[in-house]
>>> print(open('protein_4.pdb').read())   # PDB, C-alpha atoms
ATOM      1  CA  MET A   6    -112.050 101.099  36.042
ATOM      2  CA  GLN A   7    -110.163 103.788  37.974
ATOM      3  CA  GLY A   8    -108.480 102.453  41.079
ATOM      4  CA  LYS A   9    -105.503 102.971  43.340
ATOM      5  CA  ASP A  10    -101.878 102.212  42.575
ATOM      6  CA  TRP A  11     -99.886 100.541  45.346
ATOM      7  CA  PHE A  12     -96.202  99.766  45.792
ATOM      8  CA  VAL A  13     -94.827  97.275  48.322
ATOM      9  CA  ALA A  14     -91.123  97.268  49.156
ATOM     10  CA  GLY A  15     -88.988  94.354  50.281
ATOM     11  CA  ASP A  16     -89.351  95.388  53.915
ATOM     12  CA  GLY A  17     -93.138  95.109  53.711
ATOM     13  CA  GLU A  18     -93.745  98.840  53.741
ATOM     14  CA  HIS A  19     -96.545  99.804  51.344
ATOM     15  CA  GLN A  20     -97.732 103.090  49.927
ATOM     16  CA  ILE A  21    -100.269 104.543  47.516
ATOM     17  CA  CYS A  22     -98.674 105.969  44.365
ATOM     18  CA  LYS A  23     -99.867 108.530  41.855
ATOM     19  CA  SER A  24    -102.109 106.936  39.252
ATOM     20  CA  ALA A  25    -102.637 108.050  35.672
ATOM     21  CA  ARG A  26    -106.088 109.347  34.815
ATOM     22  CA  ILE A  27    -108.338 107.071  32.777
ATOM     23  CA  TRP A  28    -108.921 109.594  29.996
ATOM     24  CA  ASP A  29    -105.170 109.948  29.512
ATOM     25  CA  LEU A  30    -104.880 106.199  28.896
ATOM     26  CA  LEU A  31    -107.737 105.594  26.475
ATOM     27  CA  ARG A  32    -106.514 104.074  23.206
ATOM     28  CA  ASP A  33    -108.212 102.553  20.191
ATOM     29  CA  ASN A  34    -107.148  98.981  19.433
ATOM     30  CA  TYR A  35    -104.855  98.668  22.452
ATOM     31  CA  ARG A  36    -104.275  94.935  22.454
ATOM     32  CA  LEU A  37    -102.045  92.506  24.311
ATOM     33  CA  TYR A  38     -99.339  92.506  21.635
ATOM     34  CA  ARG A  39     -98.992  96.290  21.891
ATOM     35  CA  PHE A  40     -98.821  96.078  25.683
ATOM     36  CA  LEU A  41     -96.080  93.436  25.485
ATOM     37  CA  THR A  42     -94.053  95.598  23.090
ATOM     38  CA  GLU A  43     -94.325  98.631  25.352
ATOM     39  CA  VAL A  44     -93.368  96.612  28.441
ATOM     40  CA  GLU A  45     -90.357  95.273  26.534
ATOM     41  CA  ASP A  46     -89.329  98.846  25.762
ATOM     42  CA  VAL A  47     -89.477  99.691  29.481
ATOM     43  CA  LEU A  48     -87.477  96.599  30.439
ATOM     44  CA  ASN A  49     -84.820  97.387  27.836
ATOM     45  CA  ASN A  50     -84.542 101.121  28.413
ATOM     46  CA  VAL A  51     -85.305 101.749  32.103
ATOM     47  CA  GLU A  52     -82.813 100.230  34.518
ATOM     48  CA  ASP A  53     -83.931 101.989  37.708
ATOM     49  CA  GLU A  54     -86.592  99.835  39.396
ATOM     50  CA  SER A  55     -88.134 102.852  41.125
ATOM     51  CA  THR A  56     -88.917 104.237  37.660
ATOM     52  CA  ARG A  57     -89.575 100.934  35.904
ATOM     53  CA  LEU A  58     -92.412  99.720  38.143
ATOM     54  CA  PRO A  59     -94.504 102.924  37.878
ATOM     55  CA  GLU A  60     -94.195 102.800  34.088
ATOM     56  CA  ILE A  61     -95.276  99.147  33.979
ATOM     57  CA  ARG A  62     -98.181  99.880  36.348
ATOM     58  CA  MET A  63     -99.313 102.605  33.951
ATOM     59  CA  LEU A  64     -99.180 100.188  31.006
ATOM     60  CA  VAL A  65    -101.139  97.584  32.959
ATOM     61  CA  ARG A  66    -103.800 100.179  33.740
ATOM     62  CA  ARG A  67    -103.941 101.132  30.061
ATOM     63  CA  LEU A  68    -104.420  97.465  29.181
ATOM     64  CA  ILE A  69    -107.261  96.768  31.620
ATOM     65  CA  ILE A  70    -109.037  99.991  30.651
ATOM     66  CA  ASN A  71    -108.908  99.342  26.912
ATOM     67  CA  SER A  72    -108.945  95.573  26.434
ATOM     68  CA  TYR A  73    -112.278  93.834  26.876
ATOM     69  CA  TRP A  74    -110.570  90.629  25.782
ATOM     70  CA  VAL A  75    -108.055  90.683  28.641
ATOM     71  CA  ASN A  76    -110.817  91.388  31.158
ATOM     72  CA  SER A  77    -112.774  88.362  29.929
ATOM     73  CA  GLN A  78    -109.907  85.833  29.931
ATOM     74  CA  PHE A  79    -110.113  83.813  33.127
ATOM     75  CA  LEU A  80    -111.094  80.370  34.331
ATOM     76  CA  GLU A  81    -113.510  79.325  37.034
ATOM     77  CA  PRO A  82    -111.702  78.355  40.257
ATOM     78  CA  ASP A  83    -110.810  74.691  40.564
ATOM     79  CA  SER A  84    -113.233  72.906  42.881
ATOM     80  CA  LYS A  85    -110.401  71.142  44.741
ATOM     81  CA  THR A  86    -107.721  73.813  45.060
ATOM     82  CA  GLY A  87    -109.920  76.915  44.956
ATOM     83  CA  THR A  88    -107.635  78.515  42.369
ATOM     84  CA  SER A  89    -107.017  78.495  38.634
ATOM     85  CA  VAL A  90    -104.386  80.083  36.403
ATOM     86  CA  LEU A  91    -104.841  80.989  32.736
ATOM     87  CA  LEU A  92    -101.530  81.695  31.010
ATOM     88  CA  LEU A  93    -101.836  84.505  28.466
ATOM     89  CA  TYR A  94     -98.158  84.902  27.587
ATOM     90  CA  ASP A  95     -94.902  83.105  28.459
ATOM     91  CA  GLU A  96     -92.297  82.942  25.724
ATOM     92  CA  LEU A  97     -88.939  81.254  26.107
ATOM     93  CA  GLY A  98     -86.121  83.798  26.137
ATOM     94  CA  PHE A  99     -88.339  86.769  27.024
ATOM     95  CA  PRO A 100     -88.454  87.689  30.732
ATOM     96  CA  LEU A 101     -92.183  88.226  31.072
ATOM     97  CA  THR A 102     -95.155  86.136  32.181
ATOM     98  CA  VAL A 103     -98.751  87.340  31.831
ATOM     99  CA  GLN A 104    -101.605  85.374  33.375
ATOM    100  CA  THR A 105    -104.989  85.696  35.016
ATOM    101  CA  VAL A 106    -105.534  84.061  38.398
ATOM    102  CA  THR A 107    -108.907  83.182  39.909
ATOM    103  CA  PHE A 108    -109.442  82.534  43.628
ATOM    104  CA  ALA A 109    -112.660  81.123  45.053
ATOM    105  CA  PRO A 110    -114.059  83.130  47.983
ATOM    106  CA  GLY A 111    -112.116  82.362  51.156
ATOM    107  CA  THR A 112    -109.118  80.852  49.364
ATOM    108  CA  ILE A 113    -105.797  81.978  50.818
ATOM    109  CA  SER A 114    -102.299  81.537  49.409
ATOM    110  CA  ASN A 115     -99.191  80.507  51.266
ATOM    111  CA  ILE A 116     -96.801  83.215  52.462
ATOM    112  CA  HIS A 117     -94.247  83.771  49.715
ATOM    113  CA  ASN A 118     -92.122  86.092  47.672
ATOM    114  CA  HIS A 119     -91.714  85.881  43.894
ATOM    115  CA  GLY A 120     -87.993  86.222  43.259
ATOM    116  CA  THR A 121     -88.848  88.818  40.620
ATOM    117  CA  TRP A 122     -90.780  92.060  40.273
ATOM    118  CA  GLY A 123     -94.514  91.802  39.807
ATOM    119  CA  VAL A 124     -97.577  93.891  38.989
ATOM    120  CA  VAL A 125    -101.073  92.624  39.793
ATOM    121  CA  ALA A 126    -104.366  94.258  38.780
ATOM    122  CA  VAL A 127    -107.693  93.245  40.309
ATOM    123  CA  LEU A 128    -110.294  92.658  37.589
ATOM    124  CA  LYS A 129    -113.145  91.219  39.666
ATOM    125  CA  GLY A 130    -113.928  90.609  43.315
ATOM    126  CA  GLU A 131    -111.912  91.638  46.352
ATOM    127  CA  GLU A 132    -108.455  90.532  47.460
ATOM    128  CA  LYS A 133    -106.747  91.004  50.817
ATOM    129  CA  ASN A 134    -102.960  91.319  50.707
ATOM    130  CA  THR A 135    -101.008  90.747  53.908
ATOM    131  CA  PHE A 136     -97.375  91.852  53.987
ATOM    132  CA  TRP A 137     -94.414  90.507  55.932
ATOM    133  CA  ARG A 138     -90.725  91.219  56.367
ATOM    134  CA  ARG A 139     -87.769  89.242  57.608
ATOM    135  CA  SER A 140     -87.037  89.930  61.269
ATOM    136  CA  SER A 141     -83.494  89.491  62.502
ATOM    137  CA  HIS A 142     -83.206  86.667  65.006
ATOM    138  CA  PRO A 143     -79.938  84.810  65.666
ATOM    139  CA  GLU A 144     -81.694  81.480  66.158
ATOM    140  CA  PHE A 145     -84.218  81.819  63.327
ATOM    141  CA  PRO A 146     -82.710  83.692  60.342
ATOM    142  CA  ASP A 147     -85.865  83.070  58.261
ATOM    143  CA  GLN A 148     -88.296  84.376  60.855
ATOM    144  CA  ILE A 149     -90.759  86.938  59.474
ATOM    145  CA  GLU A 150     -93.138  89.441  61.022
ATOM    146  CA  LYS A 151     -96.345  90.955  59.716
ATOM    147  CA  THR A 152     -96.144  94.585  58.590
ATOM    148  CA  GLY A 153     -99.711  95.282  57.489
ATOM    149  CA  GLU A 154    -102.503  94.476  55.081
ATOM    150  CA  ILE A 155    -104.713  96.146  52.489
ATOM    151  CA  ASN A 156    -107.834  95.154  50.584
ATOM    152  CA  LEU A 157    -107.782  95.579  46.819
ATOM    153  CA  PHE A 158    -110.866  96.144  44.652
ATOM    154  CA  PRO A 159    -111.502  96.111  40.883
ATOM    155  CA  GLY A 160    -109.229  98.659  39.229
ATOM    156  CA  ASP A 161    -106.613  98.571  41.986
ATOM    157  CA  ILE A 162    -103.055  97.715  40.932
ATOM    158  CA  ILE A 163    -100.252  96.580  43.216
ATOM    159  CA  SER A 164     -96.560  96.260  42.389
ATOM    160  CA  PHE A 165     -93.763  94.653  44.356
ATOM    161  CA  THR A 166     -90.049  93.930  44.328
ATOM    162  CA  PRO A 167     -88.445  90.455  44.095
ATOM    163  CA  ASP A 168     -88.041  90.197  47.888
ATOM    164  CA  THR A 169     -91.501  91.461  48.882
ATOM    165  CA  ILE A 170     -93.192  88.864  51.098
ATOM    166  CA  HIS A 171     -96.977  88.561  51.055
ATOM    167  CA  CYS A 172     -99.988  86.284  51.040
ATOM    168  CA  VAL A 173    -103.315  86.891  49.328
ATOM    169  CA  GLN A 174    -106.865  85.922  50.201
ATOM    170  CA  ALA A 175    -110.084  86.204  48.203
ATOM    171  CA  VAL A 176    -112.661  87.927  50.387
ATOM    172  CA  GLY A 177    -116.300  88.697  49.732
ATOM    173  CA  GLU A 178    -119.010  86.653  48.065
ATOM    174  CA  GLU A 179    -117.611  86.198  44.558
ATOM    175  CA  PRO A 180    -114.374  84.824  43.089
ATOM    176  CA  THR A 181    -111.444  87.201  42.785
ATOM    177  CA  VAL A 182    -109.846  87.541  39.343
ATOM    178  CA  THR A 183    -106.481  89.241  38.882
ATOM    179  CA  LEU A 184    -104.191  90.013  35.950
ATOM    180  CA  ASN A 185    -100.631  89.139  37.005
ATOM    181  CA  ILE A 186     -97.459  90.336  35.255
ATOM    182  CA  TYR A 187     -94.087  88.957  36.392
ATOM    183  CA  GLY A 188     -90.489  89.352  35.327
ATOM    184  CA  GLU A 189     -88.001  86.498  35.153
ATOM    185  CA  THR A 190     -88.021  84.564  38.429
ATOM    186  CA  ASP A 191     -84.737  83.752  40.133
ATOM    187  CA  PRO A 192     -85.547  80.291  41.595
ATOM    188  CA  LYS A 193     -82.731  80.645  44.123
ATOM    189  CA  LYS A 194     -84.480  83.672  45.630
ATOM    190  CA  ARG A 195     -88.107  82.504  45.644
ATOM    191  CA  PHE A 196     -89.331  81.138  48.965
ATOM    192  CA  GLU A 197     -92.373  79.909  50.836
ATOM    193  CA  PHE A 198     -92.346  80.937  54.500
ATOM    194  CA  ASP A 199     -93.431  78.875  57.494
ATOM    195  CA  ILE A 200     -94.337  81.251  60.335
ATOM    196  CA  ILE A 201     -94.760  78.418  62.853
ATOM    197  CA  ASN A 202     -91.326  76.851  62.439
ATOM    198  CA  HIS A 203     -89.611  80.041  61.226
ATOM    199  CA  ILE A 204     -88.218  78.481  58.071
ATOM    200  CA  ALA A 205     -88.143  79.366  54.383
ATOM    201  CA  LYS A 206     -88.071  76.711  51.677
ATOM    202  CA  LYS A 207     -87.686  76.957  47.924
ATOM    203  CA  PHE A 208     -91.020  77.606  46.244
TER     204      PHE A 208
END
>>> encode(input="protein_4.pdb", output="structure tokens")
Amino acid sequence: MQGKDWFVAGDGEHQICKSARIWDLLRDNYRLYRFLTEVEDVLNNVEDESTRLPEIRMLVRRLIINSYWVNSQFLEPDSKTGTSVLLLYDELGFPLTVQTVTFAPGTISNIHNHGTWGVVAVLKGEEKNTFWRRSSHPEFPDQIEKTGEINLFPGDIISFTPDTIHCVQAVGEEPTVTLNIYGETDPKKRFEFDIINHIAKKF
């Protein structure tokens, strides 16, 4: 499942990053517990975010290449909301959440940031990411403007900073399934953005 690695900054600028080769990541018995331990090592020992996110992206790619179990852990999308979330790991006192998210075709999220770093790998389907940034306006301090969009396919991995603003949409004929890894969310810095009224509210 070789794909592209993407990074999105807080200003909405996005770029393709160097990705590790599949054959360099193959491991016997690479399971979720080993992945969690290695991510913890990165969080404890690498303070620079520009170095931390590439290392976590590499570990996520190693996980999705080697773990059939992780690739098979997802729910069907809810018939009412069009989405479902399956929590794989969330332990009190440890700043890491691991989950799979399923979107029915055509389902689109609100425009939001996460208030923490994140890494998302597409396991199935196709997902369109649209990026935004805050635009300075004296009357509307929470006004945002679109900066671009990309479509992600199985094997693609995207990472973002706590202030990256985006929305996602499942495109194509089948549900989109992603593996989502997040750090510890700062609720004071997580927002949902209203582009009509130019406001941001706690999310």
>>> closest_residue(input="protein_4.pdb", among="A:Val106, A:Ala205, A:Leu128, A:Leu93", to="A:Leu80", atoms="all atoms listed in the file")
A:Val106
>>> closest_residue(input="protein_4.pdb", among="A:Glu189, A:Asp161, A:Asp147, A:Asp46", to="A:Val103", atoms="all atoms listed in the file")
A:Glu189
>>> atom_distance(input="protein_4.pdb", atom1="atom CA of A:Gln7", atom2="atom CA of A:Gly160")
5.4 Å
>>> residues_around(input="protein_4.pdb", residues="A:Gly15", least_positions_apart="3", cutoff="7 Å", atoms="all atoms listed in the file", output="VMD selection string")
chain A and resid 166 168 to 170
>>> write_last_selection(input="protein_4.pdb", atoms="C-alpha atoms", output="PDB file, in the frame of the given file")
ATOM      1  CA  THR A 166     -90.049  93.930  44.328  1.00  0.00           C
ATOM      2  CA  ASP A 168     -88.041  90.197  47.888  1.00  0.00           C
ATOM      3  CA  THR A 169     -91.501  91.461  48.882  1.00  0.00           C
ATOM      4  CA  ILE A 170     -93.192  88.864  51.098  1.00  0.00           C
TER       5      ILE A 170
END
>>> residues_near_point(input="protein_4.pdb", point="(-113.0, 86.5, 40.5)", cutoff="6 Å", atoms="all atoms listed in the file", output="JSON, numbers by chain")
{"A": [107, 129, 130, 180, 181, 182]}
>>> resolve_selection(input="protein_4.pdb", expression="the PyMOL selection byres ((chain A and resi 37) around 8)", output="list in words")
Tyr35, Arg36, Tyr38, Arg39, Phe40, Leu41, Leu68, Ser72 and Val75 of chain A
>>> write_last_selection(input="protein_4.pdb", atoms="C-alpha atoms", output="compact mmCIF listing (two decimals), in the coordinates of the input")
# COMPACT_ATOMS: atom_id res chain seq x y z
CA TYR A 35 -104.86 98.67 22.45
CA ARG A 36 -104.28 94.94 22.45
CA TYR A 38 -99.34 92.51 21.64
CA ARG A 39 -98.99 96.29 21.89
CA PHE A 40 -98.82 96.08 25.68
CA LEU A 41 -96.08 93.44 25.48
CA LEU A 68 -104.42 97.46 29.18
CA SER A 72 -108.94 95.57 26.43
CA VAL A 75 -108.06 90.68 28.64
>>> closest_residue(input="protein_4.pdb", among="A:Val51, A:Leu91, A:Leu157, A:Ile27", to="A:Gln78", atoms="only C-alpha atoms")
A:Leu91
>>> resolve_selection(input="protein_4.pdb", expression="the PyMOL selection byres ((chain A and resi 64) around 12)", output="compact mmCIF listing (two decimals) with C-alpha atoms, keeping the file's coordinate frame")
# COMPACT_ATOMS: atom_id res chain seq x y z
CA SER A 24 -102.11 106.94 39.25
CA ALA A 25 -102.64 108.05 35.67
CA ILE A 27 -108.34 107.07 32.78
CA ASP A 29 -105.17 109.95 29.51
CA LEU A 30 -104.88 106.20 28.90
CA LEU A 31 -107.74 105.59 26.48
CA ARG A 32 -106.51 104.07 23.21
CA TYR A 35 -104.86 98.67 22.45
CA ARG A 36 -104.28 94.94 22.45
CA LEU A 37 -102.04 92.51 24.31
CA ARG A 39 -98.99 96.29 21.89
CA PHE A 40 -98.82 96.08 25.68
CA LEU A 41 -96.08 93.44 25.48
CA THR A 42 -94.05 95.60 23.09
CA GLU A 43 -94.32 98.63 25.35
CA VAL A 44 -93.37 96.61 28.44
CA GLU A 45 -90.36 95.27 26.53
CA ASP A 46 -89.33 98.85 25.76
CA VAL A 47 -89.48 99.69 29.48
CA ARG A 57 -89.58 100.93 35.90
CA LEU A 58 -92.41 99.72 38.14
CA PRO A 59 -94.50 102.92 37.88
CA GLU A 60 -94.20 102.80 34.09
CA ILE A 61 -95.28 99.15 33.98
CA ARG A 62 -98.18 99.88 36.35
CA MET A 63 -99.31 102.60 33.95
CA VAL A 65 -101.14 97.58 32.96
CA ARG A 66 -103.80 100.18 33.74
CA ARG A 67 -103.94 101.13 30.06
CA LEU A 68 -104.42 97.46 29.18
CA ILE A 69 -107.26 96.77 31.62
CA ILE A 70 -109.04 99.99 30.65
CA ASN A 71 -108.91 99.34 26.91
CA SER A 72 -108.94 95.57 26.43
CA VAL A 124 -97.58 93.89 38.99
CA VAL A 125 -101.07 92.62 39.79
CA ALA A 126 -104.37 94.26 38.78
CA ILE A 162 -103.06 97.72 40.93
CA ILE A 186 -97.46 90.34 35.26
>>> atom_distance(input="protein_4.pdb", atom1="atom CA of A:Thr190", atom2="atom CA of A:Glu54")
15.4 Å
>>> atom_distance(input="protein_4.pdb", atom1="atom CA of A:Ser114", atom2="atom CA of A:Lys23")
28.1 Å
>>> resolve_selection(input="protein_4.pdb", expression="the PyMOL selection byres ((chain A and resi 112) around 10)", output="list in words")
Pro82, Thr86, Gly87, Thr88, Thr107, Phe108, Ala109, Pro110, Gly111, Ile113, Ser114, Glu132, Val173, Gln174, Ala175, Val176, Pro180 and Thr181 of chain A
>>> build_atoms(input="protein_4.pdb", residues="stretch 107-118 of chain A", atoms="all heavy atoms", output="tab-separated table (two decimals), keeping the file's coordinate frame")
chain	number	residue	atom	x	y	z
A	107	THR	N	-107.60	83.14	39.27
A	107	THR	CA	-108.91	83.18	39.91
A	107	THR	C	-108.85	82.46	41.25
A	107	THR	O	-108.33	81.35	41.34
A	107	THR	CB	-109.97	82.52	39.02
A	107	THR	OG1	-109.92	83.07	37.70
A	107	THR	CG2	-111.36	82.73	39.60
A	108	PHE	N	-109.36	83.11	42.29
A	108	PHE	CA	-109.44	82.53	43.63
A	108	PHE	C	-110.91	82.42	44.03
A	108	PHE	O	-111.65	83.40	43.92
A	108	PHE	CB	-108.74	83.42	44.66
A	108	PHE	CG	-107.25	83.26	44.74
A	108	PHE	CD1	-106.43	83.75	43.75
A	108	PHE	CD2	-106.67	82.63	45.83
A	108	PHE	CE1	-105.06	83.62	43.82
A	108	PHE	CE2	-105.30	82.49	45.92
A	108	PHE	CZ	-104.48	82.98	44.92
A	109	ALA	N	-111.32	81.27	44.50
A	109	ALA	CA	-112.66	81.12	45.05
A	109	ALA	C	-112.75	81.90	46.36
A	109	ALA	O	-111.73	82.07	47.05
A	109	ALA	CB	-112.97	79.65	45.30
A	110	PRO	N	-113.93	82.39	46.72
A	110	PRO	CA	-114.06	83.13	47.98
A	110	PRO	C	-113.50	82.33	49.16
A	110	PRO	O	-113.76	81.14	49.30
A	110	PRO	CB	-115.57	83.33	48.12
A	110	PRO	CG	-116.08	83.31	46.71
A	110	PRO	CD	-115.21	82.31	46.00
A	111	GLY	N	-112.70	83.00	49.98
A	111	GLY	CA	-112.12	82.36	51.16
A	111	GLY	C	-110.78	81.70	50.93
A	111	GLY	O	-110.07	81.36	51.88
A	112	THR	N	-110.40	81.50	49.67
A	112	THR	CA	-109.12	80.85	49.36
A	112	THR	C	-107.96	81.77	49.76
A	112	THR	O	-107.99	82.97	49.48
A	112	THR	CB	-109.02	80.51	47.87
A	112	THR	OG1	-110.13	79.69	47.51
A	112	THR	CG2	-107.72	79.77	47.57
A	113	ILE	N	-106.95	81.21	50.39
A	113	ILE	CA	-105.80	81.98	50.82
A	113	ILE	C	-104.52	81.30	50.34
A	113	ILE	O	-104.43	80.06	50.35
A	113	ILE	CB	-105.79	82.16	52.36
A	113	ILE	CG1	-104.65	83.09	52.79
A	113	ILE	CG2	-105.73	80.82	53.07
A	113	ILE	CD1	-104.74	83.53	54.24
A	114	SER	N	-103.57	82.09	49.90
A	114	SER	CA	-102.30	81.54	49.41
A	114	SER	C	-101.35	81.27	50.58
A	114	SER	O	-101.61	81.70	51.72
A	114	SER	CB	-101.64	82.52	48.43
A	114	SER	OG	-101.07	83.61	49.15
A	115	ASN	N	-100.25	80.60	50.28
A	115	ASN	CA	-99.19	80.51	51.27
A	115	ASN	C	-98.48	81.86	51.35
A	115	ASN	O	-98.72	82.76	50.55
A	115	ASN	CB	-98.21	79.39	50.90
A	115	ASN	CG	-97.67	79.54	49.48
A	115	ASN	OD1	-97.85	80.56	48.83
A	115	ASN	ND2	-96.99	78.53	49.00
A	116	ILE	N	-97.60	82.00	52.32
A	116	ILE	CA	-96.80	83.22	52.46
A	116	ILE	C	-95.56	83.04	51.60
A	116	ILE	O	-94.83	82.06	51.76
A	116	ILE	CB	-96.42	83.47	53.93
A	116	ILE	CG1	-97.69	83.56	54.79
A	116	ILE	CG2	-95.60	84.74	54.06
A	116	ILE	CD1	-97.41	83.60	56.28
A	117	HIS	N	-95.31	83.98	50.70
A	117	HIS	CA	-94.25	83.77	49.72
A	117	HIS	C	-93.72	85.09	49.18
A	117	HIS	O	-94.34	86.14	49.35
A	117	HIS	CB	-94.79	82.95	48.54
A	117	HIS	CG	-95.91	83.65	47.81
A	117	HIS	ND1	-97.21	83.67	48.29
A	117	HIS	CD2	-95.93	84.36	46.66
A	117	HIS	CE1	-97.97	84.37	47.45
A	117	HIS	NE2	-97.23	84.79	46.46
A	118	ASN	N	-92.57	85.01	48.54
A	118	ASN	CA	-92.12	86.09	47.67
A	118	ASN	C	-92.09	85.54	46.25
A	118	ASN	O	-92.45	84.37	46.02
A	118	ASN	CB	-90.76	86.65	48.11
A	118	ASN	CG	-89.62	85.66	47.88
A	118	ASN	OD1	-89.84	84.49	47.53
A	118	ASN	ND2	-88.39	86.11	48.08
